[in-house]
>>> print(open('model.cif').read())   # mmCIF, C-alpha atoms and all ligand atoms
data_run
#
loop_
_atom_site.group_PDB
_atom_site.id
_atom_site.type_symbol
_atom_site.label_atom_id
_atom_site.label_comp_id
_atom_site.auth_asym_id
_atom_site.auth_seq_id
_atom_site.Cartn_x
_atom_site.Cartn_y
_atom_site.Cartn_z
ATOM 1 C CA MET M 101 -15.059 -12.346 0.095
ATOM 2 C CA SER M 102 -13.928 -10.701 3.299
ATOM 3 C CA GLY M 103 -11.463 -12.195 5.748
ATOM 4 C CA SER M 104 -8.233 -11.473 7.502
ATOM 5 C CA LEU M 105 -6.543 -10.484 4.221
ATOM 6 C CA SER M 106 -9.266 -8.069 3.207
ATOM 7 C CA GLY M 107 -7.846 -4.573 2.644
ATOM 8 C CA LYS M 108 -4.252 -5.644 3.176
ATOM 9 C CA ARG M 109 -1.701 -4.230 0.770
ATOM 10 C CA GLY M 110 1.205 -6.244 -0.525
ATOM 11 C CA LEU M 111 4.033 -6.503 -3.010
ATOM 12 C CA VAL M 112 4.559 -9.642 -5.073
ATOM 13 C CA LEU M 113 7.930 -10.361 -6.695
ATOM 14 C CA GLY M 114 8.362 -13.252 -9.104
ATOM 15 C CA VAL M 115 5.378 -13.415 -11.420
ATOM 16 C CA ALA M 116 6.644 -14.407 -14.873
ATOM 17 C CA ASN M 117 3.458 -15.973 -16.259
ATOM 18 C CA LYS M 118 0.199 -17.545 -15.143
ATOM 19 C CA ARG M 119 1.935 -20.733 -14.006
ATOM 20 C CA SER M 120 4.350 -18.932 -11.665
ATOM 21 C CA ILE M 121 3.943 -19.852 -8.006
ATOM 22 C CA ALA M 122 3.837 -16.087 -7.337
ATOM 23 C CA TRP M 123 0.756 -15.824 -9.552
ATOM 24 C CA SER M 124 -0.989 -18.761 -7.852
ATOM 25 C CA ILE M 125 -0.444 -16.937 -4.564
ATOM 26 C CA ALA M 126 -1.482 -13.506 -5.900
ATOM 27 C CA SER M 127 -4.709 -14.720 -7.473
ATOM 28 C CA ARG M 128 -5.667 -16.429 -4.197
ATOM 29 C CA LEU M 129 -4.900 -13.271 -2.205
ATOM 30 C CA ALA M 130 -6.949 -11.218 -4.675
ATOM 31 C CA GLU M 131 -9.937 -13.497 -4.033
ATOM 32 C CA ALA M 132 -9.478 -12.634 -0.358
ATOM 33 C CA ASP M 133 -9.632 -8.917 -1.255
ATOM 34 C CA ALA M 134 -5.969 -8.072 -0.838
ATOM 35 C CA GLU M 135 -4.516 -5.274 -2.962
ATOM 36 C CA MET M 136 -1.191 -5.972 -4.658
ATOM 37 C CA ALA M 137 1.653 -4.303 -6.499
ATOM 38 C CA PHE M 138 3.836 -6.461 -8.754
ATOM 39 C CA THR M 139 7.412 -6.405 -9.967
ATOM 40 C CA TYR M 140 8.745 -8.318 -12.938
ATOM 41 C CA GLN M 141 12.181 -8.826 -14.408
ATOM 42 C CA GLY M 142 12.879 -7.910 -18.012
ATOM 43 C CA GLY M 143 10.801 -6.477 -20.849
ATOM 44 C CA ARG M 144 10.173 -9.914 -22.337
ATOM 45 C CA ILE M 145 7.566 -10.781 -19.694
ATOM 46 C CA GLU M 146 6.264 -7.250 -19.037
ATOM 47 C CA LYS M 147 3.095 -7.472 -21.141
ATOM 48 C CA GLY M 148 2.046 -10.795 -19.664
ATOM 49 C CA VAL M 149 2.601 -9.597 -16.092
ATOM 50 C CA ARG M 150 0.721 -6.331 -16.761
ATOM 51 C CA ASP M 151 -2.264 -8.267 -18.100
ATOM 52 C CA LEU M 152 -2.306 -10.579 -15.068
ATOM 53 C CA ALA M 153 -1.921 -7.650 -12.643
ATOM 54 C CA GLU M 154 -4.724 -5.760 -14.358
ATOM 55 C CA SER M 155 -7.050 -8.740 -13.868
ATOM 56 C CA VAL M 156 -6.721 -8.246 -10.087
ATOM 57 C CA ASN M 157 -6.921 -4.413 -10.264
ATOM 58 C CA SER M 158 -3.320 -3.864 -9.269
ATOM 59 C CA PRO M 159 -2.377 -0.204 -8.713
ATOM 60 C CA LEU M 160 1.299 -0.736 -9.647
ATOM 61 C CA VAL M 161 3.389 -2.903 -11.933
ATOM 62 C CA THR M 162 7.074 -2.025 -12.174
ATOM 63 C CA SER M 163 10.290 -3.684 -13.218
ATOM 64 C CA CYS M 164 12.826 -4.814 -10.635
ATOM 65 C CA ASP M 165 15.995 -6.766 -11.190
ATOM 66 C CA VAL M 166 16.888 -7.971 -7.695
ATOM 67 C CA ARG M 167 20.612 -7.960 -8.551
ATOM 68 C CA ASP M 168 20.486 -4.157 -8.654
ATOM 69 C CA ASP M 169 20.246 -2.215 -5.349
ATOM 70 C CA ALA M 170 19.159 1.001 -7.111
ATOM 71 C CA ASP M 171 16.371 -0.878 -8.910
ATOM 72 C CA ILE M 172 15.135 -2.337 -5.607
ATOM 73 C CA ALA M 173 15.205 1.117 -3.965
ATOM 74 C CA ARG M 174 13.258 2.670 -6.860
ATOM 75 C CA ALA M 175 10.681 -0.119 -6.964
ATOM 76 C CA PHE M 176 10.038 0.144 -3.207
ATOM 77 C CA ASP M 177 9.772 3.945 -3.499
ATOM 78 C CA GLU M 178 7.042 3.439 -6.096
ATOM 79 C CA VAL M 179 5.317 0.925 -3.825
ATOM 80 C CA GLY M 180 5.430 3.415 -0.955
ATOM 81 C CA GLU M 181 3.816 6.051 -3.169
ATOM 82 C CA ALA M 182 1.112 3.676 -4.418
ATOM 83 C CA PHE M 183 0.236 2.512 -0.885
ATOM 84 C CA ASP M 184 0.580 5.744 1.158
ATOM 85 C CA GLY M 185 3.845 4.618 2.716
ATOM 86 C CA LYS M 186 2.367 1.408 4.090
ATOM 87 C CA LEU M 187 2.884 -2.240 3.197
ATOM 88 C CA ASP M 188 1.300 -5.219 4.966
ATOM 89 C CA PHE M 189 2.978 -8.114 3.173
ATOM 90 C CA LEU M 190 5.685 -9.142 0.762
ATOM 91 C CA VAL M 191 5.770 -12.283 -1.380
ATOM 92 C CA HIS M 192 9.308 -13.176 -2.512
ATOM 93 C CA SER M 193 9.158 -15.865 -5.190
ATOM 94 C CA VAL M 194 12.406 -15.328 -7.063
ATOM 95 C CA ALA M 195 15.243 -17.717 -7.861
ATOM 96 C CA PHE M 196 17.752 -18.191 -10.619
ATOM 97 C CA ALA M 197 20.696 -20.408 -11.438
ATOM 98 C CA ALA M 198 22.262 -20.847 -14.860
ATOM 99 C CA ALA M 199 20.574 -23.751 -16.632
ATOM 100 C CA GLU M 200 23.899 -25.569 -17.059
ATOM 101 C CA ASP M 201 24.316 -25.575 -13.259
ATOM 102 C CA LEU M 202 21.033 -27.458 -12.741
ATOM 103 C CA GLU M 203 22.420 -30.478 -14.579
ATOM 104 C CA GLY M 204 25.695 -32.310 -14.264
ATOM 105 C CA ARG M 205 27.909 -32.037 -11.188
ATOM 106 C CA PHE M 206 27.866 -29.405 -8.413
ATOM 107 C CA THR M 207 31.661 -29.699 -8.369
ATOM 108 C CA ASP M 208 31.764 -27.998 -11.765
ATOM 109 C CA THR M 209 30.032 -24.781 -10.622
ATOM 110 C CA PRO M 210 32.268 -21.796 -11.462
ATOM 111 C CA ARG M 211 32.708 -18.958 -8.960
ATOM 112 C CA ASP M 212 30.751 -16.325 -10.917
ATOM 113 C CA ARG M 213 27.685 -18.536 -11.393
ATOM 114 C CA PHE M 214 27.795 -19.669 -7.740
ATOM 115 C CA TRP M 215 27.486 -16.016 -6.674
ATOM 116 C CA LEU M 216 24.849 -15.299 -9.325
ATOM 117 C CA ALA M 217 22.604 -18.024 -7.892
ATOM 118 C CA LEU M 218 23.119 -16.813 -4.310
ATOM 119 C CA ASP M 219 22.651 -13.172 -5.296
ATOM 120 C CA VAL M 220 19.313 -13.650 -7.046
ATOM 121 C CA SER M 221 17.948 -16.473 -4.900
ATOM 122 C CA ALA M 222 19.106 -15.626 -1.354
ATOM 123 C CA TYR M 223 20.553 -12.110 -0.948
ATOM 124 C CA SER M 224 17.512 -10.650 -2.715
ATOM 125 C CA LEU M 225 15.343 -11.577 0.280
ATOM 126 C CA VAL M 226 17.655 -9.638 2.593
ATOM 127 C CA ALA M 227 17.612 -6.601 0.287
ATOM 128 C CA CYS M 228 13.816 -6.706 -0.065
ATOM 129 C CA ALA M 229 13.274 -7.116 3.675
ATOM 130 C CA HIS M 230 15.553 -4.123 4.241
ATOM 131 C CA ALA M 231 13.523 -2.030 1.806
ATOM 132 C CA ALA M 232 10.164 -3.269 3.130
ATOM 133 C CA GLU M 233 10.902 -2.627 6.802
ATOM 134 C CA PRO M 234 10.265 1.153 6.801
ATOM 135 C CA LEU M 235 6.899 0.566 5.070
ATOM 136 C CA MET M 236 5.899 -2.153 7.562
ATOM 137 C CA ARG M 237 7.310 -0.677 10.736
ATOM 138 C CA ASP M 238 4.185 1.081 12.033
ATOM 139 C CA ALA M 239 1.580 -1.640 11.592
ATOM 140 C CA GLY M 240 3.677 -4.811 11.412
ATOM 141 C CA GLY M 241 3.860 -7.082 8.395
ATOM 142 C CA SER M 242 4.408 -10.532 6.959
ATOM 143 C CA ILE M 243 7.056 -11.713 4.506
ATOM 144 C CA VAL M 244 6.908 -15.078 2.744
ATOM 145 C CA THR M 245 9.588 -16.627 0.552
ATOM 146 C CA MET M 246 9.680 -19.854 -1.444
ATOM 147 C CA THR M 247 12.194 -22.557 -0.618
ATOM 148 C CA TYR M 248 12.830 -26.225 -1.450
ATOM 149 C CA LEU M 249 14.019 -29.359 0.348
ATOM 150 C CA GLY M 250 17.174 -29.275 -1.796
ATOM 151 C CA GLY M 251 18.502 -26.618 0.612
ATOM 152 C CA GLU M 252 18.480 -29.103 3.481
ATOM 153 C CA ARG M 253 19.335 -32.343 1.685
ATOM 154 C CA ALA M 254 21.227 -33.220 -1.460
ATOM 155 C CA VAL M 255 18.825 -33.498 -4.378
ATOM 156 C CA PRO M 256 20.748 -34.653 -7.468
ATOM 157 C CA ARG M 257 21.168 -31.793 -9.986
ATOM 158 C CA TYR M 258 19.601 -29.120 -7.753
ATOM 159 C CA ASN M 259 23.252 -28.324 -7.037
ATOM 160 C CA VAL M 260 24.024 -24.630 -6.552
ATOM 161 C CA MET M 261 20.322 -23.832 -6.090
ATOM 162 C CA GLY M 262 20.441 -26.079 -3.005
ATOM 163 C CA VAL M 263 23.284 -24.036 -1.577
ATOM 164 C CA ALA M 264 21.332 -20.859 -2.347
ATOM 165 C CA LYS M 265 18.209 -22.240 -0.622
ATOM 166 C CA ALA M 266 20.299 -23.123 2.463
ATOM 167 C CA ALA M 267 21.401 -19.466 2.583
ATOM 168 C CA LEU M 268 17.822 -18.343 2.022
ATOM 169 C CA ASP M 269 16.532 -20.562 4.858
ATOM 170 C CA ALA M 270 19.118 -19.185 7.282
ATOM 171 C CA SER M 271 18.319 -15.649 6.126
ATOM 172 C CA VAL M 272 14.671 -16.232 7.060
ATOM 173 C CA ARG M 273 15.713 -16.966 10.658
ATOM 174 C CA TYR M 274 18.029 -13.974 11.008
ATOM 175 C CA LEU M 275 15.544 -11.613 9.359
ATOM 176 C CA ALA M 276 12.788 -12.922 11.637
ATOM 177 C CA TRP M 277 14.897 -12.001 14.667
ATOM 178 C CA ASP M 278 15.729 -8.506 13.418
ATOM 179 C CA LEU M 279 12.263 -7.629 12.120
ATOM 180 C CA GLY M 280 10.375 -9.314 14.936
ATOM 181 C CA GLU M 281 10.868 -6.272 17.141
ATOM 182 C CA ASN M 282 8.698 -4.345 14.671
ATOM 183 C CA ASP M 283 6.065 -7.107 14.517
ATOM 184 C CA ILE M 284 7.201 -8.163 11.059
ATOM 185 C CA ARG M 285 7.082 -11.929 10.503
ATOM 186 C CA VAL M 286 9.309 -13.822 8.069
ATOM 187 C CA ASN M 287 8.524 -17.365 6.933
ATOM 188 C CA ALA M 288 9.310 -19.783 4.126
ATOM 189 C CA ILE M 289 7.116 -22.231 2.254
ATOM 190 C CA SER M 290 8.945 -25.378 1.168
ATOM 191 C CA ALA M 291 7.030 -26.623 -1.850
ATOM 192 C CA GLY M 292 7.356 -29.997 -3.522
ATOM 193 C CA PRO M 293 7.872 -29.971 -7.303
ATOM 194 C CA VAL M 294 5.319 -27.652 -8.986
ATOM 195 C CA ARG M 295 4.968 -27.700 -12.764
ATOM 196 C CA THR M 296 5.826 -24.056 -13.512
ATOM 197 C CA LEU M 297 7.272 -22.960 -16.863
ATOM 198 C CA ALA M 298 10.776 -22.773 -15.368
ATOM 199 C CA ALA M 299 10.411 -26.189 -13.760
ATOM 200 C CA ARG M 300 9.214 -27.804 -16.981
ATOM 201 C CA SER M 301 12.444 -26.796 -18.678
ATOM 202 C CA ILE M 302 14.436 -28.844 -16.164
ATOM 203 C CA PRO M 303 15.517 -32.246 -17.511
ATOM 204 C CA GLY M 304 14.003 -35.079 -15.455
ATOM 205 C CA PHE M 305 11.387 -32.894 -13.738
ATOM 206 C CA GLY M 306 8.561 -35.293 -14.654
ATOM 207 C CA ALA M 307 10.450 -38.166 -13.047
ATOM 208 C CA MET M 308 10.846 -36.150 -9.836
ATOM 209 C CA GLU M 309 7.126 -35.467 -9.701
ATOM 210 C CA GLU M 310 6.473 -39.200 -10.041
ATOM 211 C CA ILE M 311 8.895 -40.015 -7.207
ATOM 212 C CA VAL M 312 7.012 -37.605 -4.924
ATOM 213 C CA ALA M 313 3.676 -39.080 -5.964
ATOM 214 C CA GLN M 314 4.948 -42.580 -5.084
ATOM 215 C CA ARG M 315 6.876 -41.843 -1.881
ATOM 216 C CA ALA M 316 5.052 -38.954 -0.181
ATOM 217 C CA PRO M 317 2.621 -39.903 2.608
ATOM 218 C CA LEU M 318 -0.244 -38.378 0.615
ATOM 219 C CA ARG M 319 0.958 -40.087 -2.609
ATOM 220 C CA ARG M 320 0.129 -37.196 -4.875
ATOM 221 C CA GLN M 321 1.672 -34.179 -6.549
ATOM 222 C CA ILE M 322 1.102 -30.663 -5.397
ATOM 223 C CA ASP M 323 0.100 -27.606 -7.404
ATOM 224 C CA GLY M 324 0.211 -23.837 -7.178
ATOM 225 C CA GLY M 325 -3.145 -23.718 -5.430
ATOM 226 C CA ASP M 326 -1.781 -25.799 -2.561
ATOM 227 C CA VAL M 327 1.064 -23.333 -2.123
ATOM 228 C CA ALA M 328 -1.345 -20.398 -2.349
ATOM 229 C CA GLY M 329 -3.385 -21.703 0.579
ATOM 230 C CA ALA M 330 -0.291 -21.900 2.762
ATOM 231 C CA ALA M 331 0.794 -18.400 1.718
ATOM 232 C CA ALA M 332 -2.641 -16.943 2.443
ATOM 233 C CA TYR M 333 -2.415 -18.377 5.951
ATOM 234 C CA LEU M 334 1.116 -17.111 6.647
ATOM 235 C CA LEU M 335 0.266 -13.638 5.324
ATOM 236 C CA SER M 336 -2.925 -13.402 7.364
ATOM 237 C CA ASP M 337 -3.390 -12.407 10.989
ATOM 238 C CA GLU M 338 -4.250 -16.052 11.696
ATOM 239 C CA ALA M 339 -0.484 -16.605 11.714
ATOM 240 C CA ARG M 340 0.247 -13.691 14.053
ATOM 241 C CA ASN M 341 2.554 -15.763 16.244
ATOM 242 C CA VAL M 342 4.196 -17.748 13.451
ATOM 243 C CA THR M 343 7.613 -16.542 12.349
ATOM 244 C CA ALA M 344 11.051 -17.895 11.416
ATOM 245 C CA THR M 345 9.549 -21.169 10.282
ATOM 246 C CA THR M 346 9.227 -23.352 7.200
ATOM 247 C CA LEU M 347 5.807 -24.621 6.187
ATOM 248 C CA TYR M 348 6.133 -27.728 4.006
ATOM 249 C CA VAL M 349 3.628 -28.022 1.189
ATOM 250 C CA ASP M 350 4.952 -31.262 -0.258
ATOM 251 C CA ALA M 351 2.354 -33.957 0.536
ATOM 252 C CA GLY M 352 4.646 -34.912 3.460
ATOM 253 C CA PHE M 353 7.589 -35.977 1.288
ATOM 254 C CA HIS M 354 10.183 -34.288 3.542
ATOM 255 C CA SER M 355 9.344 -36.604 6.433
ATOM 256 C CA MET M 356 10.338 -39.827 4.690
ATOM 257 C CA GLY M 357 13.615 -41.730 5.105
ATOM 258 C CA MET M 358 12.924 -44.183 2.296
HETATM 259 P P1 LIG M 401 9.057 -18.901 -12.115
HETATM 260 O O1 LIG M 401 10.071 -18.941 -13.208
HETATM 261 O O2 LIG M 401 7.664 -18.695 -12.505
HETATM 262 O O3 LIG M 401 9.462 -17.811 -11.024
HETATM 263 C C1 LIG M 401 10.799 -17.405 -10.812
HETATM 264 C C2 LIG M 401 10.802 -15.895 -10.894
HETATM 265 O O4 LIG M 401 12.090 -15.378 -10.582
HETATM 266 C C3 LIG M 401 10.440 -15.367 -12.303
HETATM 267 O O5 LIG M 401 9.337 -14.509 -12.219
HETATM 268 C C4 LIG M 401 11.677 -14.587 -12.714
HETATM 269 O O6 LIG M 401 11.369 -13.447 -13.488
HETATM 270 C C5 LIG M 401 12.223 -14.204 -11.351
HETATM 271 N N1 LIG M 401 13.618 -13.775 -11.422
HETATM 272 C C6 LIG M 401 14.701 -14.468 -11.866
HETATM 273 N N2 LIG M 401 15.798 -13.696 -11.823
HETATM 274 C C7 LIG M 401 15.400 -12.474 -11.341
HETATM 275 C C8 LIG M 401 16.074 -11.242 -11.092
HETATM 276 N N3 LIG M 401 17.392 -11.089 -11.323
HETATM 277 N N4 LIG M 401 15.351 -10.193 -10.603
HETATM 278 C C9 LIG M 401 14.020 -10.319 -10.381
HETATM 279 N N5 LIG M 401 13.337 -11.471 -10.600
HETATM 280 C C10 LIG M 401 14.022 -12.525 -11.083
HETATM 281 O O7 LIG M 401 9.233 -20.286 -11.323
HETATM 282 P P2 LIG M 401 8.583 -20.778 -9.934
HETATM 283 O O8 LIG M 401 8.712 -22.250 -9.973
HETATM 284 O O9 LIG M 401 7.265 -20.142 -9.743
HETATM 285 O O10 LIG M 401 9.608 -20.241 -8.829
HETATM 286 C C11 LIG M 401 9.273 -19.339 -7.806
HETATM 287 C C12 LIG M 401 9.977 -19.692 -6.514
HETATM 288 O O11 LIG M 401 9.502 -20.943 -6.052
HETATM 289 C C13 LIG M 401 11.485 -19.831 -6.621
HETATM 290 O O12 LIG M 401 12.103 -19.311 -5.447
HETATM 291 C C14 LIG M 401 11.678 -21.319 -6.659
HETATM 292 O O13 LIG M 401 12.960 -21.699 -6.199
HETATM 293 C C15 LIG M 401 10.602 -21.740 -5.699
HETATM 294 N N6 LIG M 401 10.194 -23.143 -5.743
HETATM 295 C C16 LIG M 401 9.747 -23.694 -6.902
HETATM 296 C C17 LIG M 401 9.353 -25.032 -6.913
HETATM 297 C C18 LIG M 401 8.882 -25.704 -8.178
HETATM 298 O O14 LIG M 401 8.895 -26.923 -8.245
HETATM 299 N N7 LIG M 401 8.451 -24.967 -9.186
HETATM 300 C C19 LIG M 401 9.414 -25.787 -5.723
HETATM 301 C C20 LIG M 401 9.846 -25.174 -4.551
HETATM 302 C C21 LIG M 401 10.241 -23.856 -4.563
HETATM 303 O O1 LIG M 402 13.788 -23.864 -7.271
HETATM 304 C C1 LIG M 402 13.493 -24.559 -8.214
HETATM 305 C C2 LIG M 402 13.903 -24.161 -9.628
HETATM 306 C C3 LIG M 402 14.300 -22.713 -9.738
HETATM 307 C C4 LIG M 402 15.039 -22.403 -11.002
HETATM 308 C C5 LIG M 402 14.622 -22.861 -12.251
HETATM 309 C C6 LIG M 402 15.363 -22.540 -13.384
HETATM 310 C C7 LIG M 402 15.023 -23.074 -14.749
HETATM 311 C C8 LIG M 402 15.492 -22.140 -15.847
HETATM 312 C C9 LIG M 402 16.192 -21.638 -10.918
HETATM 313 N N1 LIG M 402 16.909 -21.331 -12.024
HETATM 314 C C10 LIG M 402 16.526 -21.746 -13.231
HETATM 315 N N2 LIG M 402 17.270 -21.401 -14.317
HETATM 316 C C11 LIG M 402 16.854 -21.599 -15.587
HETATM 317 O O2 LIG M 402 17.596 -21.306 -16.556
HETATM 318 N N3 LIG M 402 12.799 -25.733 -7.982
HETATM 319 C C12 LIG M 402 12.569 -26.145 -6.609
HETATM 320 C C13 LIG M 402 12.336 -26.653 -9.053
HETATM 321 C C14 LIG M 402 13.409 -27.674 -9.279
HETATM 322 O O3 LIG M 402 14.470 -27.386 -10.051
HETATM 323 C C15 LIG M 402 15.299 -28.501 -10.034
HETATM 324 C C16 LIG M 402 14.743 -29.470 -9.226
HETATM 325 C C17 LIG M 402 13.518 -28.949 -8.727
HETATM 326 C C18 LIG M 402 12.575 -29.623 -7.799
HETATM 327 C C19 LIG M 402 16.525 -28.698 -10.679
HETATM 328 C C20 LIG M 402 17.180 -29.919 -10.536
HETATM 329 C C21 LIG M 402 16.642 -30.886 -9.710
HETATM 330 C C22 LIG M 402 15.415 -30.687 -9.050
#
>>> encode(input="model.cif", output="structure tokens", more="lines below")
Ligand code: NAD
Ligand code: 0WE
Amino acid sequence: MSGSLSGKRGLVLGVANKRSIAWSIASRLAEADAEMAFTYQGGRIEKGVRDLAESVNSPLVTSCDVRDDADIARAFDEVGEAFDGKLDFLVHSVAFAAAEDLEGRFTDTPRDRFWLALDVSAYSLVACAHAAEPLMRDAGGSIVTMTYLGGERAVPRYNVMGVAKAALDASVRYLAWDLGENDIRVNAISAGPVRTLAARSIPGFGAMEEIVAQRAPLRRQIDGGDVAGAAAYLLSDEARNVTATTLYVDAGFHSMGM
């Protein structure tokens, strides 16, 4: 298939397994003939990520812990080498909070785990945008990150992740201003609950999916494919004048007051 993603080169952060939102996006982009490098965190998931990457003929799979500046610099150096110093897009699909902070009370979040959640889930976008800019500067580029309504409104138990998403959302706007002068766009996709492996481990996740299916205007749940379609649009030239925005892929749930 050829289209406005054909021949584009990108980096995808955040594939852990085949259910990851990052993988839903990557497999859709591969169908549109994009070429992608992948980073993963930790040896435990390396084999799985390598197998997935191989299935879309990826030229590069490398580890990257986004808490580590040197690791980010090395990974982006490798990307530059694999893609002749050029990068068209970046998919940032990374978040982490300690499991105990996604239950119970936000009030109980200790200082070190507050900063851990913000480091991995918000600052990492700033660090990656900084590293991507030199590779995107000549031809322009598109950066997409994944956010959630819990950064704008209080969602019980989303807690410190909500605070991290608020920081991520604001970072999107400031990055869009800075990088806009080099024709680099920065946008977020706000997805409703998607049944990824990480999400399934969250107590009460099934109940949240049901609430969305009852209350959202479209009265149904969303899946990784829905998110992938939105990402393909934002990463394509079709979205050439779209930046600093949030595209909701949540069956309309965010619009409701009751
Ligand atoms: P996932 O577990 O598949 O993806 C999260 C990724 O973050 C994993 O690949 C993990 O390896 C990576 N990660 C964690 N700590 C890292 C670190 N220190 N360095 C590098 N990578 C690290 O789960 P997902 O649901 O696909 O989440 C992807 C993104 O989508 C996240 O930003 C999440 O907040 C967002 N999101 C998810 C949902 C949902 O319901 N699943 C809804 C809206 C937004
Ligand atoms: O962003 C998310 C979840 C991201 C996430 C998931 C985990 C599970 C495993 C971050 N950190 C961790 N840490 C782990 O140890 N979502 C939007 C999905 C989600 O998570 C919730 C939600 C929703 C929706 C947690 C509580 C309430 C609602």
>>> resolve_selection(input="model.cif", expression="the PyMOL selection byres (((chain M and resi 261) around 8) and not hetatm)", output="PyMOL selection string")
chain M and resi 196-197+202+217-218+221+250-251+258-260+262-265
>>> residues_near_ligand(input="model.cif", ligand="ligand LIG 402 (chain M)", cutoff="9 Å", atoms="all atoms listed in the file", output="NGL selection string")
:M and (194-203 or 217 or 221 or 246-250 or 255-259 or 261-262 or 265 or 290-305 or 308-309)
>>> resolve_selection(input="model.cif", expression="the PyMOL selection byres (((chain M and resi 177) around 12) and not hetatm)", output="JSON, numbers by chain")
{"M": [111, 137, 160, 162, 164, 170, 171, 172, 173, 174, 175, 176, 178, 179, 180, 181, 182, 183, 184, 185, 186, 187, 228, 231, 232, 234, 235]}
>>> closest_residue(input="model.cif", among="M:Lys108, M:Asp323, M:Thr245, M:Pro210", to="Asp133 of chain M", atoms="only C-alpha atoms")
M:Lys108
>>> atom_distance(input="model.cif", atom1="atom CA of Gly114 of chain M", atom2="atom O4 of ligand LIG 401 (chain M)")
4.5 Å
>>> closest_residue(input="model.cif", among="M:Ala134, M:Val220, M:Val327, M:Leu318", to="His354 of chain M", atoms="all atoms listed in the file")
M:Leu318
>>> resolve_selection(input="model.cif", expression="the PyMOL selection byres (((chain M and resi 283) around 12) and not hetatm)", output="JSON, numbers by chain")
{"M": [188, 189, 233, 236, 237, 238, 239, 240, 241, 242, 243, 275, 276, 277, 278, 279, 280, 281, 282, 284, 285, 286, 337, 339, 340, 341, 342, 343]}
>>> closest_residue(input="model.cif", among="M:Val156, M:Val166, M:Val112, M:Ala316", to="ligand LIG 401 (chain M)", atoms="only C-alpha atoms and all ligand atoms")
M:Val166
>>> closest_residue(input="model.cif", among="M:Ala344, M:Ala332, M:Ala130, M:Val149", to="ligand LIG 401 (chain M)", atoms="all atoms listed in the file")
M:Val149
>>> closest_residue(input="model.cif", among="M:Ala116, M:Glu310, M:Ser155, M:Ser127", to="Gln141 of chain M", atoms="only C-alpha atoms")
M:Ala116
>>> closest_residue(input="model.cif", among="M:Thr207, M:Asn157, M:Gln321, M:Ser271", to="ligand LIG 401 (chain M)", atoms="only C-alpha atoms and all ligand atoms")
M:Gln321
>>> atom_distance(input="model.cif", atom1="atom CA of Gly148 of chain M", atom2="atom CA of Asn117 of chain M")
6.4 Å
>>> residues_near_point(input="model.cif", point="(-4.9, -14.8, -4.4)", cutoff="10 Å", atoms="only C-alpha atoms", output="list in words")
Leu105, Ala122, Trp123, Ser124, Ile125, Ala126, Ser127, Arg128, Leu129, Ala130, Glu131, Ala132, Asp133, Ala134, Glu135, Met136, Val156, Gly325, Ala328, Gly329, Ala331 and Ala332 of chain M
>>> atom_distance(input="model.cif", atom1="atom C16 of ligand LIG 401 (chain M)", atom2="atom CA of Ile145 of chain M")
18.3 Å
>>> axis_aligned_box(input="model.cif", around="ligand LIG 401 (chain M)", padding_each_side="4 Å", output="lines of an AutoDock Vina configuration file")
center_x = 12.3
center_y = -18.6
center_z = -9.0
size_x = 18.1
size_y = 24.7
size_z = 16.9
